[in-house]
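S.K.: So here's model16.cif (mmCIF, C-alpha atoms and all ligand atoms).
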```cif
data_my_file
loop_
_atom_site.label_atom_id
_atom_site.label_comp_id
_atom_site.auth_asym_id
_atom_site.auth_seq_id
_atom_site.Cartn_x
_atom_site.Cartn_y
_atom_site.Cartn_z
CA MET A 278 0.00 0.00 0.00
CA PHE A 279 2.91 2.27 0.78
CA ASP A 280 4.18 1.97 -2.81
CA LEU A 281 0.70 2.46 -4.29
CA ALA A 282 0.22 5.54 -2.11
CA GLU A 283 3.62 6.94 -3.08
CA ALA A 284 2.79 6.45 -6.77
CA ALA A 285 -0.54 8.33 -6.55
CA ASP A 286 -0.18 11.94 -7.69
CA ARG A 287 -2.78 13.43 -5.38
CA ASP A 288 -3.13 14.14 -1.67
CA LEU A 289 -4.01 11.06 0.33
CA VAL A 290 -4.84 10.51 3.98
CA ARG A 291 -1.94 8.30 5.01
CA LEU A 292 -3.08 6.16 7.92
CA GLU A 293 -0.96 3.12 7.06
CA VAL A 294 2.33 4.48 8.39
CA GLY A 295 3.74 2.86 11.54
CA GLU A 296 5.74 5.71 13.02
CA PRO A 297 5.08 8.89 14.99
CA ASP A 298 4.23 11.90 12.83
CA PHE A 299 6.24 14.11 15.22
CA ASP A 300 9.86 15.05 14.62
CA SER A 301 12.26 14.20 17.46
CA PRO A 302 12.06 16.80 20.26
CA GLU A 303 14.58 19.61 19.95
CA HIS A 304 16.68 18.78 23.03
CA ILE A 305 17.29 15.31 21.62
CA VAL A 306 18.54 16.72 18.33
CA GLU A 307 20.70 19.25 20.21
CA ALA A 308 22.32 16.50 22.27
CA ALA A 309 23.35 14.65 19.11
CA VAL A 310 24.76 17.81 17.52
CA ASP A 311 26.66 18.65 20.72
CA ALA A 312 28.07 15.13 20.89
CA ALA A 313 29.25 15.25 17.29
CA ARG A 314 30.83 18.69 17.81
CA ALA A 315 32.55 17.43 20.94
CA GLY A 316 34.24 14.70 18.93
CA GLU A 317 31.99 11.81 19.93
CA THR A 318 32.35 10.46 16.43
CA HIS A 319 34.06 7.16 17.21
CA TYR A 320 32.92 3.63 18.04
CA THR A 321 31.49 3.05 21.50
CA SER A 322 31.83 -0.16 23.45
CA ASN A 323 29.99 -2.97 21.65
CA ALA A 324 27.26 -3.15 24.28
CA GLY A 325 26.74 0.61 23.99
CA LEU A 326 27.70 3.58 26.17
CA LEU A 327 27.48 2.56 29.82
CA GLU A 328 25.83 5.93 30.49
CA LEU A 329 23.06 5.00 28.05
CA ARG A 330 22.62 1.51 29.48
CA ALA A 331 22.31 3.11 32.94
CA ALA A 332 19.68 5.50 31.55
CA ILE A 333 17.76 2.57 30.04
CA SER A 334 18.01 0.66 33.33
CA ASP A 335 16.68 3.64 35.34
CA THR A 336 13.92 4.41 32.84
CA LEU A 337 12.63 0.83 32.70
CA ASP A 338 12.68 0.67 36.49
CA ARG A 339 10.91 4.01 36.97
CA GLU A 340 8.33 3.67 34.22
CA PHE A 341 7.72 -0.05 33.87
CA GLY A 342 8.87 -1.63 37.13
CA VAL A 343 11.61 -3.61 35.36
CA GLU A 344 14.81 -4.14 37.31
CA TYR A 345 17.73 -4.91 35.03
CA ASP A 346 21.31 -3.80 35.78
CA PRO A 347 22.95 -1.67 33.08
CA GLU A 348 25.18 -4.67 32.24
CA GLN A 349 22.08 -6.65 31.33
CA PHE A 350 21.53 -4.57 28.19
CA VAL A 351 23.07 -4.41 24.78
CA VAL A 352 22.23 -1.25 22.85
CA THR A 353 21.16 -2.12 19.32
CA ASN A 354 20.33 -0.49 16.00
CA GLY A 355 16.64 -0.20 16.82
CA GLY A 356 14.29 -2.74 18.30
CA MET A 357 14.61 -4.56 14.99
CA GLU A 358 18.22 -5.52 15.61
CA ALA A 359 17.36 -6.40 19.21
CA LEU A 360 14.74 -8.82 17.95
CA HIS A 361 17.09 -10.24 15.32
CA LEU A 362 19.78 -10.82 17.96
CA ALA A 363 17.23 -12.37 20.30
CA MET A 364 16.19 -14.81 17.56
CA LEU A 365 19.77 -15.61 16.54
CA SER A 366 20.77 -16.36 20.12
CA THR A 367 17.76 -18.44 21.13
CA VAL A 368 16.57 -20.22 17.97
CA GLU A 369 18.38 -23.32 16.74
CA ASP A 370 18.21 -24.65 13.20
CA GLY A 371 14.67 -25.96 12.72
CA GLY A 372 13.58 -24.71 16.16
CA GLU A 373 10.04 -23.40 16.47
CA VAL A 374 9.02 -19.84 17.29
CA VAL A 375 5.47 -19.47 18.57
CA ILE A 376 3.79 -16.27 17.39
CA PRO A 377 0.34 -15.26 18.69
CA SER A 378 -1.33 -13.36 15.87
CA PRO A 379 -2.25 -10.88 14.48
CA ALA A 380 1.41 -9.96 14.73
CA TRP A 381 4.07 -7.75 13.24
CA PRO A 382 5.25 -9.40 9.96
CA ASN A 383 8.93 -9.18 10.88
CA TYR A 384 8.49 -12.00 13.42
CA TRP A 385 8.06 -14.42 10.55
CA THR A 386 11.00 -13.13 8.53
CA GLN A 387 13.26 -12.85 11.57
CA THR A 388 12.40 -16.42 12.61
CA ARG A 389 13.35 -17.70 9.16
CA LEU A 390 16.54 -15.62 9.11
CA ALA A 391 17.55 -17.39 12.32
CA GLY A 392 16.85 -20.79 10.69
CA GLY A 393 13.69 -21.32 12.72
CA VAL A 394 10.13 -22.30 11.88
CA PRO A 395 7.31 -19.86 12.70
CA VAL A 396 4.26 -21.37 14.42
CA GLU A 397 1.36 -18.97 14.24
CA VAL A 398 -1.31 -19.12 16.93
CA PRO A 399 -4.30 -16.94 16.00
CA MET A 400 -6.08 -15.03 18.77
CA ASP A 401 -9.81 -14.22 18.65
CA GLU A 402 -11.31 -11.01 17.38
CA GLU A 403 -14.26 -11.49 19.81
CA THR A 404 -11.93 -11.12 22.81
CA GLY A 405 -10.25 -8.08 21.26
CA TYR A 406 -7.26 -10.33 20.42
CA ALA A 407 -6.53 -10.87 24.12
CA LEU A 408 -3.74 -13.36 24.81
CA ASP A 409 -5.30 -16.82 24.98
CA ALA A 410 -2.67 -18.46 27.17
CA GLU A 411 -4.14 -21.93 26.85
CA ARG A 412 -3.94 -21.84 23.08
CA VAL A 413 -0.39 -20.51 23.11
CA ILE A 414 0.72 -23.04 25.72
CA ASP A 415 -0.78 -25.86 23.62
CA ALA A 416 1.59 -24.82 20.83
CA ILE A 417 4.67 -24.92 23.09
CA ASP A 418 6.59 -28.19 23.23
CA ASP A 419 10.16 -29.42 23.27
CA ASP A 420 10.65 -28.21 19.68
CA THR A 421 9.88 -24.64 20.79
CA ASP A 422 12.86 -22.34 21.11
CA ALA A 423 11.07 -19.03 21.53
CA VAL A 424 7.66 -17.42 21.99
CA VAL A 425 7.06 -13.82 20.93
CA LEU A 426 4.80 -11.67 23.10
CA CYS A 427 4.23 -8.19 21.73
CA SER A 428 2.38 -5.93 24.15
CA PRO A 429 1.15 -3.31 23.40
CA SER A 430 0.56 -4.98 20.09
CA ASN A 431 1.27 -3.92 16.57
CA PRO A 432 -1.25 -4.22 14.85
CA THR A 433 -4.12 -4.48 17.36
CA GLY A 434 -3.15 -2.02 20.11
CA GLN A 435 -4.02 -4.78 22.59
CA VAL A 436 -2.21 -4.80 25.95
CA PHE A 437 -2.04 -8.34 27.32
CA ASP A 438 -3.09 -9.03 30.90
CA ALA A 439 -0.40 -10.12 33.35
CA GLU A 440 -1.81 -13.54 34.16
CA PRO A 441 -1.87 -15.10 30.68
CA MET A 442 1.58 -13.67 29.98
CA GLN A 443 2.91 -15.17 33.22
CA ALA A 444 1.39 -18.53 32.31
CA VAL A 445 3.04 -18.44 28.88
CA VAL A 446 6.46 -17.58 30.34
CA ALA A 447 6.14 -20.42 32.87
CA ALA A 448 5.24 -22.89 30.09
CA ALA A 449 8.12 -21.65 27.93
CA ALA A 450 10.55 -22.01 30.84
CA GLU A 451 9.32 -25.54 31.47
CA HIS A 452 10.32 -26.42 27.89
CA ASP A 453 13.53 -24.43 28.16
CA ALA A 454 12.31 -21.91 25.58
CA TYR A 455 12.65 -18.14 25.77
CA VAL A 456 9.94 -15.54 25.70
CA LEU A 457 10.87 -12.56 23.56
CA ALA A 458 8.93 -9.64 25.06
CA ASP A 459 8.61 -7.00 22.37
CA GLU A 460 7.88 -3.88 24.39
CA VAL A 461 8.77 -1.17 21.90
CA TYR A 462 5.32 0.43 22.44
CA LEU A 463 5.22 0.09 26.24
CA GLY A 464 5.60 3.85 26.77
CA LEU A 465 2.39 4.32 24.78
CA THR A 466 -0.07 2.55 27.06
CA TYR A 467 -3.44 4.23 27.79
CA ASP A 468 -5.85 3.87 30.73
CA ARG A 469 -3.74 1.25 32.46
CA ASP A 470 -0.30 1.11 34.04
CA PRO A 471 2.43 0.00 31.69
CA VAL A 472 4.31 -2.89 33.31
CA GLY A 473 7.22 -4.72 31.67
CA LEU A 474 6.96 -8.49 31.50
CA ALA A 475 10.33 -8.82 33.27
CA ALA A 476 8.66 -7.26 36.33
CA LEU A 477 5.89 -9.84 36.28
CA THR A 478 7.61 -13.13 35.78
CA GLY A 479 9.30 -15.51 38.16
CA HIS A 480 11.38 -16.82 35.24
CA PRO A 481 13.63 -13.89 34.28
CA ASP A 482 16.22 -16.43 33.09
CA HIS A 483 13.87 -17.33 30.22
CA LEU A 484 12.93 -13.83 29.18
CA LEU A 485 14.45 -11.31 26.81
CA THR A 486 13.14 -7.74 26.68
CA ILE A 487 13.15 -5.80 23.42
CA GLY A 488 12.83 -2.03 23.68
CA SER A 489 13.40 1.05 21.57
CA CYS A 490 13.52 4.83 21.48
CA SER A 491 11.63 4.81 18.18
CA LYS A 492 8.00 5.14 19.16
CA ALA A 493 7.64 6.88 22.54
CA TYR A 494 10.43 9.41 21.81
CA ALA A 495 9.67 9.84 18.10
CA MET A 496 13.15 8.63 17.16
CA THR A 497 12.57 6.04 14.42
CA GLY A 498 15.37 7.37 12.23
CA TRP A 499 18.02 7.35 14.95
CA ARG A 500 17.94 3.56 15.22
CA VAL A 501 18.44 3.06 18.93
CA GLY A 502 16.95 0.07 20.69
CA TRP A 503 18.03 -2.44 23.29
CA LEU A 504 17.91 -6.06 24.30
CA GLY A 505 17.76 -6.82 28.02
CA GLY A 506 18.05 -10.21 29.67
CA PRO A 507 20.18 -12.69 31.60
CA THR A 508 23.79 -11.43 31.74
CA GLU A 509 25.35 -14.57 30.23
CA LEU A 510 23.04 -14.52 27.24
CA ILE A 511 23.50 -10.78 26.76
CA ASP A 512 27.29 -11.34 26.73
CA GLU A 513 26.83 -13.89 23.93
CA VAL A 514 24.48 -11.59 22.05
CA THR A 515 27.00 -8.77 22.32
CA LYS A 516 29.52 -10.93 20.45
CA ILE A 517 27.09 -11.37 17.54
CA HIS A 518 26.36 -7.64 17.64
CA GLU A 519 30.11 -6.93 17.57
CA SER A 520 30.54 -9.15 14.48
CA THR A 521 27.70 -7.55 12.57
CA THR A 522 27.39 -3.87 13.48
CA ALA A 523 30.06 -3.17 16.16
CA CYS A 524 27.76 -0.79 18.02
CA ALA A 525 24.78 1.50 17.59
CA GLY A 526 25.58 4.94 16.12
CA THR A 527 27.47 7.02 18.65
CA VAL A 528 25.68 10.37 18.23
CA ALA A 529 22.36 8.51 18.23
CA GLN A 530 23.31 6.97 21.57
CA TYR A 531 23.89 10.47 22.99
CA ALA A 532 20.52 11.51 21.60
CA ALA A 533 18.94 8.52 23.39
CA ILE A 534 20.53 9.56 26.70
CA ALA A 535 18.95 13.01 26.26
CA ALA A 536 15.60 11.38 25.48
CA MET A 537 15.63 9.49 28.77
CA ARG A 538 17.50 11.88 31.06
CA GLY A 539 16.41 15.22 29.57
CA PRO A 540 13.14 17.15 29.93
CA GLN A 541 10.15 14.84 29.70
CA GLU A 542 7.56 17.54 28.84
CA PRO A 543 7.92 17.21 25.03
CA ILE A 544 7.60 13.45 25.34
CA ALA A 545 4.54 13.79 27.59
CA ALA A 546 3.01 16.20 25.05
CA MET A 547 3.36 13.60 22.27
CA TYR A 548 1.86 10.96 24.53
CA ASP A 549 -1.11 13.26 25.28
CA ALA A 550 -1.65 13.82 21.56
CA PHE A 551 -1.67 10.05 20.91
CA ALA A 552 -4.09 9.55 23.81
CA GLU A 553 -6.46 12.19 22.42
CA ARG A 554 -6.34 10.70 18.92
CA ARG A 555 -6.92 7.22 20.27
CA GLU A 556 -10.09 8.42 22.02
CA TYR A 557 -11.23 10.17 18.89
CA VAL A 558 -10.72 7.06 16.75
CA ALA A 559 -12.38 4.77 19.31
CA ASP A 560 -15.41 7.08 19.59
CA ARG A 561 -15.78 7.42 15.84
CA VAL A 562 -15.52 3.66 15.28
CA ASP A 563 -18.03 2.98 18.09
CA ALA A 564 -20.51 5.31 16.43
CA MET A 565 -20.08 3.85 12.93
CA ASP A 566 -22.28 1.25 11.28
CA GLY A 567 -20.34 -1.48 9.51
CA VAL A 568 -16.98 -0.78 11.18
CA THR A 569 -15.76 -2.37 14.41
CA ALA A 570 -12.44 -2.53 16.27
CA PRO A 571 -11.34 -3.45 19.77
CA THR A 572 -10.46 -0.24 21.65
CA PRO A 573 -6.67 -0.03 21.58
CA ASP A 574 -5.02 0.02 25.02
CA GLY A 575 -1.64 0.94 23.64
CA ALA A 576 0.59 1.72 20.64
CA PHE A 577 -1.03 3.88 17.92
CA TYR A 578 -3.06 1.36 15.98
CA ALA A 579 -6.69 0.35 15.67
CA PHE A 580 -7.42 -2.94 13.92
CA LEU A 581 -10.58 -2.43 11.91
CA ASP A 582 -13.18 -4.81 10.59
CA VAL A 583 -14.71 -2.87 7.70
CA ASP A 584 -17.89 -4.25 6.19
CA LEU A 585 -16.87 -4.15 2.53
CA PRO A 586 -16.52 -7.14 0.17
CA GLY A 587 -13.22 -8.78 -0.75
CA SER A 588 -9.89 -9.43 0.92
CA SER A 589 -8.21 -6.84 3.13
CA LEU A 590 -6.04 -5.91 0.13
CA ASP A 591 -9.15 -5.43 -2.05
CA ILE A 592 -10.71 -3.20 0.62
CA ALA A 593 -7.50 -1.23 1.14
CA LYS A 594 -7.14 -0.65 -2.62
CA ARG A 595 -10.77 0.41 -2.90
CA LEU A 596 -10.44 2.90 -0.03
CA LEU A 597 -7.36 4.35 -1.66
CA ARG A 598 -8.92 4.54 -5.12
CA GLU A 599 -12.35 5.84 -4.13
CA ARG A 600 -11.78 7.68 -0.84
CA ASP A 601 -8.11 8.68 -0.85
CA VAL A 602 -7.58 6.88 2.46
CA VAL A 603 -4.62 4.55 2.94
CA LEU A 604 -4.75 1.73 5.52
CA ALA A 605 -2.49 -1.31 5.97
CA PRO A 606 -4.16 -4.58 4.84
CA GLY A 607 -4.47 -7.04 7.73
CA ASP A 608 -3.35 -10.15 5.79
CA GLY A 609 0.27 -9.20 6.36
CA PHE A 610 -0.23 -9.72 10.10
CA GLY A 611 -1.00 -13.41 9.79
CA ASP A 612 -4.13 -15.56 9.48
CA ALA A 613 -5.91 -13.72 12.29
CA GLY A 614 -5.49 -10.50 10.33
CA LYS A 615 -7.31 -11.71 7.22
CA GLY A 616 -10.04 -9.31 6.11
CA LYS A 617 -8.96 -6.62 8.62
CA LEU A 618 -7.23 -3.25 8.17
CA ARG A 619 -4.76 -1.48 10.42
CA LEU A 620 -5.32 2.20 10.98
CA SER A 621 -2.45 4.17 12.49
CA PHE A 622 -3.47 7.16 14.58
CA ALA A 623 0.03 8.56 14.44
CA ASN A 624 -1.47 11.38 12.40
CA SER A 625 -3.26 14.67 13.09
CA LEU A 626 -6.88 14.80 14.29
CA GLU A 627 -7.72 16.59 11.08
CA GLN A 628 -6.31 13.77 8.93
CA LEU A 629 -7.96 11.18 11.14
CA GLU A 630 -11.30 12.90 10.73
CA LYS A 631 -10.91 12.95 6.95
CA GLY A 632 -9.84 9.32 6.87
CA LEU A 633 -12.64 8.09 9.10
CA ASP A 634 -15.18 10.14 7.13
CA GLY A 635 -13.94 8.38 3.99
CA ILE A 636 -14.22 4.93 5.52
CA GLU A 637 -17.70 5.71 6.87
CA ALA A 638 -18.89 6.97 3.50
CA ALA A 639 -17.43 3.93 1.70
CA VAL A 640 -19.36 1.54 3.94
CA ARG A 641 -22.58 3.62 3.82
CA GLU A 642 -22.55 3.93 0.04
CA ALA A 643 -21.44 0.36 -0.73
N1 LIG B 701 8.49 -4.26 17.22
C1 LIG B 701 7.33 -3.84 16.69
C2 LIG B 701 6.06 -4.51 17.11
C3 LIG B 701 7.31 -2.79 15.76
O1 LIG B 701 6.14 -2.37 15.27
C4 LIG B 701 8.54 -2.20 15.39
C5 LIG B 701 8.56 -1.14 14.37
O2 LIG B 701 7.60 -0.83 13.71
C6 LIG B 701 9.71 -2.67 15.99
C7 LIG B 701 9.66 -3.71 16.88
C8 LIG B 701 11.06 -2.12 15.67
O3 LIG B 701 11.16 -0.76 15.82
P1 LIG B 701 12.56 -0.02 15.75
O4 LIG B 701 13.52 -0.91 15.05
O5 LIG B 701 12.30 1.24 15.02
O6 LIG B 701 12.96 0.19 17.18
#
```
Starting from the file, give its structure as structure tokens.

M.R.:
Amino acid sequence: MFDLAEAADRDLVRLEVGEPDFDSPEHIVEAAVDAARAGETHYTSNAGLLELRAAISDTLDREFGVEYDPEQFVVTNGGMEALHLAMLSTVEDGGEVVIPSPAWPNYWTQTRLAGGVPVEVPMDEETGYALDAERVIDAIDDDTDAVVLCSPSNPTGQVFDAEPMQAVVAAAAEHDAYVLADEVYLGLTYDRDPVGLAALTGHPDHLLTIGSCSKAYAMTGWRVGWLGGPTELIDEVTKIHESTTACAGTVAQYAAIAAMRGPQEPIAAMYDAFAERREYVADRVDAMDGVTAPTPDGAFYAFLDVDLPGSSLDIAKRLLRERDVVLAPGDGFGDAGKGKLRLSFANSLEQLEKGLDGIEAAVREA
């Protein structure tokens, strides 16, 4: 859809994009410029600046109740590299990776890159795609190397409850598999306290935490993320990271320190804007005939069921062609995403209004 939208020579309402519409706050940019001017233009330690790992450790503790020492982190080139390293270090050739879906498409590709076999476990739309622990646990056996839990979820915005997540970690630990907790959206949790899975589980030795500056700090282009977990495993991971990328970009690491240690007002203002947009989208969808979606508890996505004929790609193409609205087709998020569309509310209220008007009109006039 992205390519189709780029090729169209007219203004479109772009609600398919999975990144904040805000530029990085000024003090973050300044910190990077200052670092570069001060000669911080060299490699850092492979695991990342200790000062940054300490900032990550403090931030996760303060905001999400997660207690990792700074040495339990490796700073990566975005959450994407963190996930890749997590897969490479936990998945053996032919090992299975259990993926509750709908889920971010990279879990499939990253599993295969690591030589593993993805095992999709679809969750139910009726429960708002809540984590069905029983179903996930049924899919875990001695062939399982890893289980991915993404909360808040891309694409559904669902935040999983503690209990089913704890049950899944316990089952994974029993089979000596790791849970990969993708928490890149944890800072964008609404109406409930954001708690990291590492704070909830009695099996921290079987858990890896994936985090990132990308979403909550509007820093997608800086490529700073992290992988947290048991020290021995993180030491191994750091060796792979050293062989492939050496370290995350140095000035970007200084920018990340500023994001976490600097003024939090600009970050809170972005959060408030996302919260307002989320309410707007939820209210509009609730009031619409022929469109439903579970209210998102986190991230900046609503996963829509739009009452139009055809596959999710057919519907997405029709909305683009006839209503100038671009959404991401749900098929890409696995079997449970078939027929659905992901709407990103990382866009202005004005654009959201236009987009939702277009969707409403398409359904009404179908
Ligand atoms: N995990 C999820 C669920 C995502 O949606 C993304 C990006 O869209 C990432 C991880 C990786 O983000 P980044 O590499 O920008 O930190």

S.K.: Fewer than 4 positions away in the same chain doesn't count, so skip those; otherwise give me all residues within 7 Å of stretch 484-501 of chain A, counting all atoms listed in the file, as a PyMOL selection string.

M.R.: chain A and resi 296-297+299-301+352-356+359-360+455-462+464-465+475+480+505-506+525+529-530+533+536+544

S.K.: Which residues, written as a list in words, have at least one atom at most 10 Å from A:Asp419, with all atoms listed in the file counted and residues fewer than 4 positions away on the same chain left out?

M.R.: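 My reading of the contact set: Gly372, Glu373, Ala449, Glu451, His452, Asp453 and Ala454 of chain A.
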
S.K.: Take the residues just selected and output them with C-alpha atoms as a PDB file, keeping the file's coordinate frame.

M.R.:
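Final file, part.pdb:
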```pdb
ATOM      1  CA  GLY A 372      13.580 -24.710  16.160  1.00  0.00           C
ATOM      2  CA  GLU A 373      10.040 -23.400  16.470  1.00  0.00           C
ATOM      3  CA  ALA A 449       8.120 -21.650  27.930  1.00  0.00           C
ATOM      4  CA  GLU A 451       9.320 -25.540  31.470  1.00  0.00           C
ATOM      5  CA  HIS A 452      10.320 -26.420  27.890  1.00  0.00           C
ATOM      6  CA  ASP A 453      13.530 -24.430  28.160  1.00  0.00           C
ATOM      7  CA  ALA A 454      12.310 -21.910  25.580  1.00  0.00           C
TER       8      ALA A 454
END
```

S.K.: May I ask for the distance between atom CA of A:Tyr320 and atom CA of A:Thr527, given in Å to one decimal place?

M.R.: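 Between these atoms lies a distance of 6.4 Å.
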
S.K.: For ligand LIG 701 (chain B), which of A:Asp549, A:Glu340, A:Glu293, A:Glu369 is the closest residue, counting only C-alpha atoms and all ligand atoms?

M.R.: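 That would be A:Glu293, the residue with the smallest distance to ligand LIG 701 (chain B).
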
S.K.: Just the number, please: distance in Å from atom CA of A:Gly607 to atom CA of A:Met547, one decimal.

M.R.: 26.4 Å

S.K.: Can you pull out every residue within 8 Å of A:Leu604, counting only C-alpha atoms, but drop anything in the same chain fewer than 4 positions away, and send it as JSON, numbers by chain?

M.R.: {"A": [278, 291, 292, 293, 593, 618, 619, 620, 621]}

S.K.: Take the residues from that selection and write them out as a CSV table (one decimal), in the coordinates of the input, keeping C-alpha atoms.

M.R.:
```csv
chain,number,residue,atom,x,y,z
A,278,MET,CA,0.0,0.0,0.0
A,291,ARG,CA,-1.9,8.3,5.0
A,292,LEU,CA,-3.1,6.2,7.9
A,293,GLU,CA,-1.0,3.1,7.1
A,593,ALA,CA,-7.5,-1.2,1.1
A,618,LEU,CA,-7.2,-3.2,8.2
A,619,ARG,CA,-4.8,-1.5,10.4
A,620,LEU,CA,-5.3,2.2,11.0
A,621,SER,CA,-2.4,4.2,12.5
```

S.K.: Mind listing whatever residues come within 12 Å of the point (20.0, -7.5, 14.6)? Use all atoms listed in the file, file coordinates, and give them as a ChimeraX atom specification.

M.R.: /A:351-366,383,387-388,390-391,487,500-504,514-525

S.K.: Which of these, A:Val446, A:Ala550, A:Ala410, A:Ala564, has the shortest distance to A:Leu626 once you count all atoms listed in the file?

M.R.: A:Ala550

S.K.: If you measure from atom CA of A:Asp286 to atom CA of A:Glu599, what distance in Å do you get, rounded to one decimal?

M.R.: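 Separation of atom CA of A:Asp286 and atom CA of A:Glu599: 14.1 Å.
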
S.K.: Rank nothing, just name the residue among A:Ala605, A:Phe279, A:Pro382, A:Ser625 nearest to ligand LIG 701 (chain B), using all atoms listed in the file.

M.R.: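 Comparing A:Ala605, A:Phe279, A:Pro382, A:Ser625 against ligand LIG 701 (chain B), the winner is A:Pro382.
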
S.K.: Taking the structure I provided as the source, export stretch 565-594 of chain A with C-alpha atoms, as a compact mmCIF listing (two decimals), in the first residue's frame.

M.R.:
```txt
# COMPACT_ATOMS: atom_id res chain seq x y z
CA MET A 565 -20.08 3.85 12.93
CA ASP A 566 -22.28 1.25 11.28
CA GLY A 567 -20.34 -1.48 9.51
CA VAL A 568 -16.98 -0.78 11.18
CA THR A 569 -15.76 -2.37 14.41
CA ALA A 570 -12.44 -2.53 16.27
CA PRO A 571 -11.34 -3.45 19.77
CA THR A 572 -10.46 -0.24 21.65
CA PRO A 573 -6.67 -0.03 21.58
CA ASP A 574 -5.02 0.02 25.02
CA GLY A 575 -1.64 0.94 23.64
CA ALA A 576 0.59 1.72 20.64
CA PHE A 577 -1.03 3.88 17.92
CA TYR A 578 -3.06 1.36 15.98
CA ALA A 579 -6.69 0.35 15.67
CA PHE A 580 -7.42 -2.94 13.92
CA LEU A 581 -10.58 -2.43 11.91
CA ASP A 582 -13.18 -4.81 10.59
CA VAL A 583 -14.71 -2.87 7.70
CA ASP A 584 -17.89 -4.25 6.19
CA LEU A 585 -16.87 -4.15 2.53
CA PRO A 586 -16.52 -7.14 0.17
CA GLY A 587 -13.22 -8.78 -0.75
CA SER A 588 -9.89 -9.43 0.92
CA SER A 589 -8.21 -6.84 3.13
CA LEU A 590 -6.04 -5.91 0.13
CA ASP A 591 -9.15 -5.43 -2.05
CA ILE A 592 -10.71 -3.20 0.62
CA ALA A 593 -7.50 -1.23 1.14
CA LYS A 594 -7.14 -0.65 -2.62
```
